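Peer 1: Below you will find the structure I want to go over with you.
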Amino acid sequence: MAHDNSQLATDGSERSGVDYAAQQRLPAVLRPLVENDRLRFGLQVLPWLLVLALFVFLPLAAIFVWSVAIPQPFGFELGFTLENYAAFIDSYRLGIFFVTIGEGVLLVVLSLAFGFPIAYYAGIRKRHSKYTFPVMLLFAIPFLTNYILRTLSWISFLGSDGLINSVLMLLGVVNNPLSWLLYSKFAVRVGMLASYLPFMIFPAWLAMSRIDDDILRASTDLGASPLATIRHIVLPLSVPGLLIGSVFVFVGVLGESVVPVILGGGNVSLIATVISNAVNSARLPLASAISSVLLLFAVFLLLLWEYAFGLKTVGEI
């Protein structure tokens, strides 16, 4: 069969099925901008880089600049000094930093213990139920309310006259209210778990919901028990979601300052509380130095994740 090549322009304006007529009509000065692949890619990426620079990198750069500023009685003077980092390292604040890391690890473990069964039940056992998605949305309802009020509501449950103590005394389990339920590490952990548990559930649920039904049926046909299927199939394929949820929870604890103040009653301090106190006392360079250390620590975690699993696991859920 003969082909009609009469419509092909002699100047190469139509090559490989692509119409270059619009490029040919451009002025000669602008034509290299669209014909050069690298330059064209750079122009496409430039707006996103400008947005990142304006809303992400510039504020972070300001924090690092302030962290080496010279403290003054009523402010600071731009300059270079490591006094702010020394005030963080050579004080009780460094101990609070390590305590915060420990609390973050503990909360990740608790979130996995409570979040994995919920995500498994919704993503595997009831994945085809029409009620699964509406029920899972219930975990997002608390985010529609004010964070401070949501935290304050726990006082009505954990306080001396709260629901839990009232029920325990009514049943005769205890004679006096349990004082450790409120204004303690227990209360802070409960409040943070309630706040950050959805950050573990949703990525894990999304990862499990993408596991092919044929793989699960094949495991059952081969005689695997539900526990063996969880161990050898569900858990390995859910690792990306569990890792993302763990990062969300851990980083959330590093920046948590509301729950320790309200439910800790001044008895529990995390590193974000120390930063808030430094800001409130007009010690902005010290607060910036601590924030810089936290940022570098978070970057270290990301690099560790890249080394162990690869950041491409983010796109696997």
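By convention here, the chains of the structure tokens are called A, B, ... in the order presented, each chain's residues are numbered starting at 1, and ligands are numbered starting at 1 in the order presented.
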Any idea what's packed within 6 Å of range 118-130 of chain A, counting only C-alpha atoms, ignoring anything in its chain fewer than 2 positions away? Could you give it as a VMD selection string?
Peer 2: chain A and resid 115 to 116 132 201 204 to 205 208 to 209
Peer 1: Within 8 Å of range 254-262 of chain A, counting only C-alpha atoms, which residues show up once you throw out same-chain ones fewer than 6 positions away? Write them as a VMD selection string, please.
Peer 2: chain A and resid 100 to 101 104 148 151 to 152 183 188 191 to 192 268 to 273 276 294
Peer 1: Those same residues - all heavy atoms - I'd like them written as a CSV table (one decimal), in the first residue's frame.
Peer 2:
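Okay, again_7.csv is ready:
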```csv
chain,number,residue,atom,x,y,z
A,100,THR,N,12.8,12.9,74.6
A,100,THR,CA,11.8,13.0,73.5
A,100,THR,C,12.0,11.9,72.5
A,100,THR,O,11.0,11.4,72.0
A,100,THR,CB,12.0,14.4,72.9
A,100,THR,OG1,11.9,15.4,73.9
A,100,THR,CG2,10.9,14.6,71.8
A,101,ILE,N,13.3,11.6,72.1
A,101,ILE,CA,13.5,10.5,71.2
A,101,ILE,C,13.0,9.2,71.7
A,101,ILE,O,12.3,8.4,71.0
A,101,ILE,CB,15.0,10.4,70.9
A,101,ILE,CG1,15.5,11.7,70.1
A,101,ILE,CG2,15.3,9.2,70.1
A,101,ILE,CD1,17.0,11.7,69.9
A,104,GLY,N,9.3,9.2,71.4
A,104,GLY,CA,8.9,9.0,70.0
A,104,GLY,C,9.0,7.6,69.6
A,104,GLY,O,8.1,7.1,68.9
A,148,ILE,N,-6.4,21.9,70.7
A,148,ILE,CA,-6.3,22.2,72.1
A,148,ILE,C,-7.5,21.7,72.8
A,148,ILE,O,-7.4,21.1,73.9
A,148,ILE,CB,-6.1,23.7,72.3
A,148,ILE,CG1,-4.7,24.2,71.7
A,148,ILE,CG2,-6.1,24.0,73.8
A,148,ILE,CD1,-4.5,25.6,71.9
A,151,THR,N,-7.5,18.0,73.1
A,151,THR,CA,-6.6,17.5,74.2
A,151,THR,C,-7.2,17.8,75.6
A,151,THR,O,-7.1,16.9,76.5
A,151,THR,CB,-5.2,18.3,74.1
A,151,THR,OG1,-4.7,18.0,72.7
A,151,THR,CG2,-4.2,17.7,75.1
A,152,LEU,N,-7.8,18.9,75.7
A,152,LEU,CA,-8.4,19.3,77.0
A,152,LEU,C,-9.5,18.3,77.4
A,152,LEU,O,-9.8,18.0,78.6
A,152,LEU,CB,-9.0,20.7,77.0
A,152,LEU,CG,-8.0,21.8,77.1
A,152,LEU,CD1,-8.7,23.2,76.8
A,152,LEU,CD2,-7.4,21.8,78.5
A,183,TYR,N,-1.8,14.4,84.5
A,183,TYR,CA,-0.6,15.2,84.8
A,183,TYR,C,0.5,14.2,85.1
A,183,TYR,O,1.3,14.3,86.1
A,183,TYR,CB,-0.9,16.1,86.0
A,183,TYR,CG,-2.0,17.0,85.8
A,183,TYR,CD1,-2.9,17.2,86.9
A,183,TYR,CD2,-2.2,17.7,84.6
A,183,TYR,CE1,-4.0,18.1,86.7
A,183,TYR,CE2,-3.3,18.5,84.4
A,183,TYR,CZ,-4.2,18.7,85.4
A,183,TYR,OH,-5.2,19.6,85.3
A,188,VAL,N,0.2,12.0,79.0
A,188,VAL,CA,0.8,12.6,77.8
A,188,VAL,C,0.9,11.5,76.7
A,188,VAL,O,0.6,11.8,75.6
A,188,VAL,CB,2.2,13.1,78.2
A,188,VAL,CG1,3.0,13.5,76.9
A,188,VAL,CG2,2.1,14.3,79.1
A,191,GLY,N,-2.6,11.0,75.3
A,191,GLY,CA,-3.0,12.1,74.5
A,191,GLY,C,-2.3,12.1,73.1
A,191,GLY,O,-2.9,12.4,72.1
A,192,MET,N,-1.0,11.8,73.1
A,192,MET,CA,-0.3,11.8,71.9
A,192,MET,C,-0.7,10.6,71.0
A,192,MET,O,-0.8,10.7,69.8
A,192,MET,CB,1.2,11.7,72.1
A,192,MET,CG,1.8,13.0,72.7
A,192,MET,SD,3.6,13.1,72.7
A,192,MET,CE,4.0,11.7,73.7
A,268,VAL,N,5.9,17.0,82.8
A,268,VAL,CA,6.5,16.3,81.6
A,268,VAL,C,6.9,17.4,80.6
A,268,VAL,O,6.2,18.3,80.3
A,268,VAL,CB,5.5,15.3,81.0
A,268,VAL,CG1,6.2,14.6,79.8
A,268,VAL,CG2,5.0,14.3,82.0
A,269,SER,N,8.2,17.3,80.2
A,269,SER,CA,8.7,18.2,79.2
A,269,SER,C,9.3,17.4,78.0
A,269,SER,O,10.0,16.5,78.2
A,269,SER,CB,9.8,19.1,79.8
A,269,SER,OG,9.2,20.0,80.8
A,270,LEU,N,8.9,17.9,76.8
A,270,LEU,CA,9.5,17.4,75.6
A,270,LEU,C,10.3,18.5,75.0
A,270,LEU,O,10.1,19.7,75.3
A,270,LEU,CB,8.4,16.8,74.7
A,270,LEU,CG,7.6,15.6,75.2
A,270,LEU,CD1,6.6,15.2,74.1
A,270,LEU,CD2,8.6,14.5,75.6
A,271,ILE,N,11.0,18.2,73.9
A,271,ILE,CA,12.0,19.2,73.4
A,271,ILE,C,11.2,20.4,72.7
A,271,ILE,O,11.7,21.5,72.8
A,271,ILE,CB,12.9,18.5,72.4
A,271,ILE,CG1,14.1,19.5,72.0
A,271,ILE,CG2,12.1,18.1,71.1
A,271,ILE,CD1,14.9,19.8,73.2
A,272,ALA,N,10.0,20.1,72.2
A,272,ALA,CA,9.2,21.2,71.6
A,272,ALA,C,8.7,22.2,72.7
A,272,ALA,O,8.6,23.4,72.4
A,272,ALA,CB,8.0,20.6,70.8
A,273,THR,N,8.5,21.6,73.9
A,273,THR,CA,8.2,22.5,75.0
A,273,THR,C,9.3,23.4,75.4
A,273,THR,O,9.1,24.6,75.7
A,273,THR,CB,7.8,21.7,76.2
A,273,THR,OG1,6.8,20.7,75.9
A,273,THR,CG2,7.2,22.6,77.3
A,276,SER,N,9.4,26.2,72.8
A,276,SER,CA,8.3,27.2,73.1
A,276,SER,C,8.7,28.1,74.3
A,276,SER,O,8.5,29.3,74.2
A,276,SER,CB,7.0,26.4,73.4
A,276,SER,OG,6.6,25.7,72.3
A,294,LEU,N,17.1,19.6,65.7
A,294,LEU,CA,15.9,18.7,65.4
A,294,LEU,C,15.8,18.5,63.9
A,294,LEU,O,15.6,17.3,63.4
A,294,LEU,CB,14.6,19.3,65.9
A,294,LEU,CG,14.4,19.2,67.4
A,294,LEU,CD1,13.1,19.8,67.7
A,294,LEU,CD2,14.4,17.7,67.8
```
Peer 1: Report, in Å to a single decimal, how far apart CA of Phe80 in chain A and CA of Val68 in chain A are.
Peer 2: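 Computed distance, CA of Val68 in chain A to CA of Phe80 in chain A, equals 4.9 Å.
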Peer 1: Measuring atom to atom with only C-alpha atoms, identify which of A:Ala61, A:Val249, A:Leu206, A:Leu52 is nearest to Ser111 in chain A.
Peer 2: A:Val249
Peer 1: May I have all residues of range 41-279 of chain A that DSSP, computed from the backbone, assigns to strand (DSSP E or B), given as a PDB file with all heavy atoms, in the first residue's frame?
Peer 2:
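Contents of result.pdb, as written:
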```pdb
ATOM      1  N   ILE A  70      24.092  36.366  67.729  1.00  0.00           N
ATOM      2  CA  ILE A  70      24.623  36.711  69.050  1.00  0.00           C
ATOM      3  C   ILE A  70      23.469  37.139  69.957  1.00  0.00           C
ATOM      4  O   ILE A  70      22.763  38.105  69.659  1.00  0.00           O
ATOM      5  CB  ILE A  70      25.651  37.850  68.935  1.00  0.00           C
ATOM      6  CG1 ILE A  70      26.792  37.423  68.005  1.00  0.00           C
ATOM      7  CG2 ILE A  70      26.195  38.226  70.313  1.00  0.00           C
ATOM      8  CD1 ILE A  70      27.766  38.534  67.696  1.00  0.00           C
ATOM      9  N   PRO A  71      23.230  36.428  71.066  1.00  0.00           N
ATOM     10  CA  PRO A  71      22.111  36.788  71.950  1.00  0.00           C
ATOM     11  C   PRO A  71      22.325  38.157  72.594  1.00  0.00           C
ATOM     12  O   PRO A  71      23.448  38.530  72.940  1.00  0.00           O
ATOM     13  CB  PRO A  71      22.116  35.665  73.000  1.00  0.00           C
ATOM     14  CG  PRO A  71      22.931  34.572  72.406  1.00  0.00           C
ATOM     15  CD  PRO A  71      23.937  35.226  71.525  1.00  0.00           C
ATOM     16  N   GLN A  72      21.237  38.882  72.750  1.00  0.00           N
ATOM     17  CA  GLN A  72      21.222  40.162  73.425  1.00  0.00           C
ATOM     18  C   GLN A  72      20.166  40.121  74.529  1.00  0.00           C
ATOM     19  O   GLN A  72      19.283  39.265  74.517  1.00  0.00           O
ATOM     20  CB  GLN A  72      20.921  41.295  72.433  1.00  0.00           C
ATOM     21  CG  GLN A  72      21.937  41.448  71.317  1.00  0.00           C
ATOM     22  CD  GLN A  72      23.306  41.896  71.806  1.00  0.00           C
ATOM     23  OE1 GLN A  72      23.400  42.593  72.818  1.00  0.00           O
ATOM     24  NE2 GLN A  72      24.362  41.497  71.098  1.00  0.00           N
ATOM     25  N   GLY A  75      16.774  40.558  72.691  1.00  0.00           N
ATOM     26  CA  GLY A  75      16.728  40.156  71.296  1.00  0.00           C
ATOM     27  C   GLY A  75      18.024  39.491  70.885  1.00  0.00           C
ATOM     28  O   GLY A  75      18.621  38.739  71.665  1.00  0.00           O
ATOM     29  N   PHE A  76      18.481  39.784  69.684  1.00  0.00           N
ATOM     30  CA  PHE A  76      19.724  39.197  69.198  1.00  0.00           C
ATOM     31  C   PHE A  76      20.316  40.102  68.127  1.00  0.00           C
ATOM     32  O   PHE A  76      19.646  40.975  67.570  1.00  0.00           O
ATOM     33  CB  PHE A  76      19.489  37.791  68.634  1.00  0.00           C
ATOM     34  CG  PHE A  76      18.580  37.747  67.437  1.00  0.00           C
ATOM     35  CD1 PHE A  76      19.091  37.832  66.146  1.00  0.00           C
ATOM     36  CD2 PHE A  76      17.203  37.633  67.595  1.00  0.00           C
ATOM     37  CE1 PHE A  76      18.253  37.795  65.042  1.00  0.00           C
ATOM     38  CE2 PHE A  76      16.360  37.594  66.499  1.00  0.00           C
ATOM     39  CZ  PHE A  76      16.882  37.672  65.222  1.00  0.00           C
ATOM     40  N   GLU A  77      21.581  39.861  67.858  1.00  0.00           N
ATOM     41  CA  GLU A  77      22.301  40.599  66.824  1.00  0.00           C
ATOM     42  C   GLU A  77      22.882  39.598  65.843  1.00  0.00           C
ATOM     43  O   GLU A  77      23.500  38.605  66.253  1.00  0.00           O
ATOM     44  CB  GLU A  77      23.418  41.432  67.456  1.00  0.00           C
ATOM     45  CG  GLU A  77      24.255  42.201  66.443  1.00  0.00           C
ATOM     46  CD  GLU A  77      25.402  42.937  67.102  1.00  0.00           C
ATOM     47  OE1 GLU A  77      25.434  42.988  68.355  1.00  0.00           O
ATOM     48  OE2 GLU A  77      26.272  43.447  66.375  1.00  0.00           O
TER      49      GLU A  77
END
```
